[in-house]
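Right, one structure below, let's go through it.
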Amino acid sequence: MIRLSLVGVRVEVPSNQPIVLLREDSGERHLPIFIGAPEATAIVYALQGMQPPRPMTPALFKTVLEDLGAQVDRVVITGLSEGTFYARIHLQTAAGAALEIDSRPSDAIALAVRCDPPVPIFADEAVLTEAGVGFDPDEETD
C-alpha cells in the first residue's frame with residue numbers, strides 16, 4: 001500500500017467535472033479521480049471547515065460511527081475496473097474488532113478528512129501503476 005496525501009479538489013476544463021487529486025507521499029505520482037459535484041462539495045466543505053445548516057452524508061456517517069464507538073482507521077483505494085475506482089473504509093470498533101466497509105473513494109475521502117486528526121489515505125500499488133500520473137498540478141498549461 002502506498003500512502004497518499006489529499007492535494008485538493010479541482011475542476012476539469014471544459015467539462016466542469018470535479019476531480020479529487022491525491023499525491024503519493026514518497027513519490028511523484030498523482031492519482032486523479034473523477035467524482036460527482038455533491039461529493040466534491042462534501043470534501044471541499046470539510047477542507048475549509050464549513051458547516052452546512054444540515055449534516056451532509058459523510059458528516060452523518062461520522063457521527064453514527066462515533067456514537068457507536070467506532071473509529072475510522074484508514075481509507076484504502078483498492079481497485080480500478082473499467083474506469084471505476086473502488087475503496088474500503090477500515091474501522092476499529094469499541095470492542096476491538098476490525099471492520100472493512102466497501103465505499104466509493106469520494107465518500108471515503110470525505111469521511112477521512114472529517115476525522116480529527118484526518119485519517120490516512122492509501123492506494124494499492126496496482127491502482128497507482130494503472131492510473132497514477134506524474135505531473136505538477138501548479139504547472140500552467142496552454
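Chain identifiers are assigned as A, B, and so on, following the order in which chains appear in the C-alpha cells; residues are numbered from 1 within each chain, and ligands are numbered from 1 in order of appearance.
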Could you pull the residues within 12 Å of Pro117 (chain A), counting only C-alpha atoms, minus those fewer than 6 positions along the same chain, as a list in words?
Gln71, Val72, Asp73, Arg74 and Leu111 of chain A
Residues from last step as file, N, CA and C atoms, as a short mmCIF file (atom, residue, chain, number, x, y, z; two decimals), in the first residue's frame:
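And here's again_15.cif as it stands now:
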data_model
loop_
_atom_site.label_atom_id
_atom_site.label_comp_id
_atom_site.auth_asym_id
_atom_site.auth_seq_id
_atom_site.Cartn_x
_atom_site.Cartn_y
_atom_site.Cartn_z
N GLN A 71 -14.10 3.85 15.30
CA GLN A 71 -13.19 4.86 14.77
C GLN A 71 -12.74 4.46 13.38
N VAL A 72 -12.59 5.45 12.53
CA VAL A 72 -12.04 5.20 11.20
C VAL A 72 -10.53 5.09 11.35
N ASP A 73 -9.98 3.99 10.87
CA ASP A 73 -8.55 3.73 10.98
C ASP A 73 -7.80 4.23 9.75
N ARG A 74 -8.35 3.93 8.57
CA ARG A 74 -7.72 4.36 7.32
C ARG A 74 -8.71 4.13 6.17
N LEU A 111 -15.16 11.30 4.31
CA LEU A 111 -15.18 10.87 5.71
C LEU A 111 -13.81 11.05 6.34
#
Spatial neighbours of Thr41 (chain A), 10 Å, only C-alpha atoms, chain gap at least 3 places, as number ranges by chain:
A: 9, 18, 36-38, 44-47, 56, 110
Kindly indicate which residue among A:His30, A:Ala70, A:Pro118, A:Arg3 lies nearest to Leu99 (chain A), using only C-alpha atoms for the distances.
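Closest to Leu99 (chain A), using only C-alpha atoms: A:Ala70.
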Taking 5 positions as the minimum chain separation for residues in the same chain, which residues sit within 9 Å of Pro32 (chain A) when counting only C-alpha atoms? Answer as a PyMOL selection string.
chain A and resi 19-23+131-133
Which residues, written as an NGL selection string, have at least one atom at most 10 Å from region 77-82 of chain A, with only C-alpha atoms counted and residues fewer than 6 positions away on the same chain left out?
:A and (1-2 or 4 or 88-89 or 102-106 or 108-109 or 121-128 or 130-131)
Write out, as a PDB file, in the first residue's frame, the residues just selected, with N, CA and C atoms.
ATOM      1  N   MET A   1       0.846  -1.185   0.000  1.00  0.00           N
ATOM      2  CA  MET A   1       0.000   0.000   0.000  1.00  0.00           C
ATOM      3  C   MET A   1       0.887   1.242   0.000  1.00  0.00           C
ATOM      4  N   ILE A   2       0.421   2.237  -0.723  1.00  0.00           N
ATOM      5  CA  ILE A   2       1.132   3.497  -0.854  1.00  0.00           C
ATOM      6  C   ILE A   2       0.318   4.584  -0.148  1.00  0.00           C
ATOM      7  N   LEU A   4      -1.036   8.216   0.567  1.00  0.00           N
ATOM      8  CA  LEU A   4      -1.348   9.365  -0.273  1.00  0.00           C
ATOM      9  C   LEU A   4      -1.713  10.570   0.576  1.00  0.00           C
ATOM     10  N   ARG A  88     -12.105   0.974   0.328  1.00  0.00           N
ATOM     11  CA  ARG A  88     -12.548   0.325   1.561  1.00  0.00           C
ATOM     12  C   ARG A  88     -12.259   1.290   2.711  1.00  0.00           C
ATOM     13  N   ILE A  89     -13.218   1.393   3.624  1.00  0.00           N
ATOM     14  CA  ILE A  89     -13.043   2.152   4.862  1.00  0.00           C
ATOM     15  C   ILE A  89     -12.730   1.128   5.948  1.00  0.00           C
ATOM     16  N   ASP A 102     -17.092  -1.459   2.117  1.00  0.00           N
ATOM     17  CA  ASP A 102     -16.957  -1.058   0.727  1.00  0.00           C
ATOM     18  C   ASP A 102     -17.452   0.377   0.569  1.00  0.00           C
ATOM     19  N   SER A 103     -16.761   1.162  -0.255  1.00  0.00           N
ATOM     20  CA  SER A 103     -17.120   2.563  -0.407  1.00  0.00           C
ATOM     21  C   SER A 103     -16.660   3.094  -1.753  1.00  0.00           C
ATOM     22  N   ARG A 104     -17.294   4.157  -2.185  1.00  0.00           N
ATOM     23  CA  ARG A 104     -16.742   4.923  -3.292  1.00  0.00           C
ATOM     24  C   ARG A 104     -15.572   5.717  -2.719  1.00  0.00           C
ATOM     25  N   PRO A 105     -14.502   5.910  -3.480  1.00  0.00           N
ATOM     26  CA  PRO A 105     -13.370   6.680  -2.951  1.00  0.00           C
ATOM     27  C   PRO A 105     -13.759   8.086  -2.496  1.00  0.00           C
ATOM     28  N   SER A 106     -14.637   8.742  -3.242  1.00  0.00           N
ATOM     29  CA  SER A 106     -15.019  10.107  -2.873  1.00  0.00           C
ATOM     30  C   SER A 106     -15.693  10.154  -1.514  1.00  0.00           C
ATOM     31  N   ALA A 108     -15.323   7.898   0.914  1.00  0.00           N
ATOM     32  CA  ALA A 108     -14.313   7.522   1.905  1.00  0.00           C
ATOM     33  C   ALA A 108     -13.398   8.697   2.211  1.00  0.00           C
ATOM     34  N   ILE A 109     -13.002   9.438   1.180  1.00  0.00           N
ATOM     35  CA  ILE A 109     -12.137  10.604   1.388  1.00  0.00           C
ATOM     36  C   ILE A 109     -12.887  11.694   2.146  1.00  0.00           C
ATOM     37  N   ILE A 121      -4.890   8.050   4.012  1.00  0.00           N
ATOM     38  CA  ILE A 121      -5.455   7.529   2.771  1.00  0.00           C
ATOM     39  C   ILE A 121      -4.348   6.751   2.070  1.00  0.00           C
ATOM     40  N   PHE A 122      -4.666   5.548   1.626  1.00  0.00           N
ATOM     41  CA  PHE A 122      -3.711   4.696   0.933  1.00  0.00           C
ATOM     42  C   PHE A 122      -4.309   4.256  -0.395  1.00  0.00           C
ATOM     43  N   ALA A 123      -3.435   3.766  -1.272  1.00  0.00           N
ATOM     44  CA  ALA A 123      -3.875   3.123  -2.510  1.00  0.00           C
ATOM     45  C   ALA A 123      -3.021   1.888  -2.728  1.00  0.00           C
ATOM     46  N   ASP A 124      -3.625   0.865  -3.288  1.00  0.00           N
ATOM     47  CA  ASP A 124      -2.860  -0.304  -3.686  1.00  0.00           C
ATOM     48  C   ASP A 124      -1.906   0.110  -4.802  1.00  0.00           C
ATOM     49  N   GLU A 125      -0.736  -0.484  -4.809  1.00  0.00           N
ATOM     50  CA  GLU A 125       0.261  -0.177  -5.842  1.00  0.00           C
ATOM     51  C   GLU A 125      -0.310  -0.364  -7.238  1.00  0.00           C
ATOM     52  N   ALA A 126      -1.122  -1.401  -7.428  1.00  0.00           N
ATOM     53  CA  ALA A 126      -1.694  -1.672  -8.756  1.00  0.00           C
ATOM     54  C   ALA A 126      -2.547  -0.502  -9.250  1.00  0.00           C
ATOM     55  N   VAL A 127      -3.234   0.180  -8.345  1.00  0.00           N
ATOM     56  CA  VAL A 127      -4.065   1.327  -8.726  1.00  0.00           C
ATOM     57  C   VAL A 127      -3.175   2.467  -9.216  1.00  0.00           C
ATOM     58  N   LEU A 128      -2.109   2.746  -8.463  1.00  0.00           N
ATOM     59  CA  LEU A 128      -1.202   3.818  -8.870  1.00  0.00           C
ATOM     60  C   LEU A 128      -0.460   3.470 -10.160  1.00  0.00           C
ATOM     61  N   GLU A 130      -1.642   1.711 -12.611  1.00  0.00           N
ATOM     62  CA  GLU A 130      -2.585   1.850 -13.723  1.00  0.00           C
ATOM     63  C   GLU A 130      -3.039   3.284 -13.951  1.00  0.00           C
ATOM     64  N   ALA A 131      -3.319   4.028 -12.867  1.00  0.00           N
ATOM     65  CA  ALA A 131      -3.966   5.333 -13.029  1.00  0.00           C
ATOM     66  C   ALA A 131      -3.129   6.513 -12.557  1.00  0.00           C
TER      67      ALA A 131
END
How many Å separate CA of Ala42 (chain A) from CA of Asp107 (chain A)?
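The value is 8.4 Å.
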Check the DSSP output for the backbone and give back, as a PyMOL selection string, the residues of region 36-137 of chain A in strand (DSSP E).
chain A and resi 71-81+84-92+98-103+121-123+133-134
Keeping only C-alpha atoms, take the residues you just selected and write them out as a JSON list (two decimals), in the first residue's frame.
[["chain", "number", "residue", "atom", "x", "y", "z"],
["A", 71, "GLN", "CA", -13.19, 4.86, 14.77],
["A", 72, "VAL", "CA", -12.04, 5.20, 11.20],
["A", 73, "ASP", "CA", -8.55, 3.73, 10.98],
["A", 74, "ARG", "CA", -7.72, 4.36, 7.32],
["A", 75, "VAL", "CA", -9.11, 4.57, 3.81],
["A", 76, "VAL", "CA", -7.70, 2.40, 1.02],
["A", 77, "ILE", "CA", -8.33, 2.83, -2.69],
["A", 78, "THR", "CA", -8.30, -0.83, -3.59],
["A", 79, "GLY", "CA", -9.04, -1.15, -7.27],
["A", 80, "LEU", "CA", -9.87, 0.24, -10.65],
["A", 81, "SER", "CA", -12.09, -1.56, -13.13],
["A", 84, "THR", "CA", -14.45, 2.95, -11.79],
["A", 85, "PHE", "CA", -12.36, 3.24, -8.63],
["A", 86, "TYR", "CA", -13.12, 1.16, -5.53],
["A", 87, "ALA", "CA", -12.26, 1.84, -1.90],
["A", 88, "ARG", "CA", -12.55, 0.33, 1.56],
["A", 89, "ILE", "CA", -13.04, 2.15, 4.86],
["A", 90, "HIS", "CA", -11.19, 0.39, 7.68],
["A", 91, "LEU", "CA", -12.84, 0.74, 11.09],
["A", 92, "GLN", "CA", -11.96, -0.22, 14.64],
["A", 98, "ALA", "CA", -11.59, -4.56, 12.80],
["A", 99, "LEU", "CA", -14.14, -4.00, 10.04],
["A", 100, "GLU", "CA", -13.89, -3.07, 6.38],
["A", 101, "ILE", "CA", -16.69, -1.34, 4.52],
["A", 102, "ASP", "CA", -16.96, -1.06, 0.73],
["A", 103, "SER", "CA", -17.12, 2.56, -0.41],
["A", 121, "ILE", "CA", -5.45, 7.53, 2.77],
["A", 122, "PHE", "CA", -3.71, 4.70, 0.93],
["A", 123, "ALA", "CA", -3.88, 3.12, -2.51],
["A", 133, "VAL", "CA", 0.25, 10.22, -13.42],
["A", 134, "GLY", "CA", 3.36, 12.29, -12.95]]
In Å, how far is it from CA of Gln48 (chain A) to CA of Val7 (chain A)?
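Taking CA of Gln48 (chain A) as the start and CA of Val7 (chain A) as the end point, the length is 13.2 Å.
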Which of region 23-107 of chain A fall in helix (DSSP H, G or I), as number ranges by chain:
A: 37-48, 57-67, 105-107
For Ala59 (chain A), the nearest of the candidates A:Val113, A:Ser5, A:Pro120, A:Ser26, counting only C-alpha atoms:
A:Val113
So which one's closest to Glu66 (chain A), A:Asp116, A:Phe34, A:Gly27, A:Ala40? Using only C-alpha atoms, please.
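Going through A:Asp116, A:Phe34, A:Gly27, A:Ala40 one by one, the smallest distance to Glu66 (chain A) is for A:Asp116.
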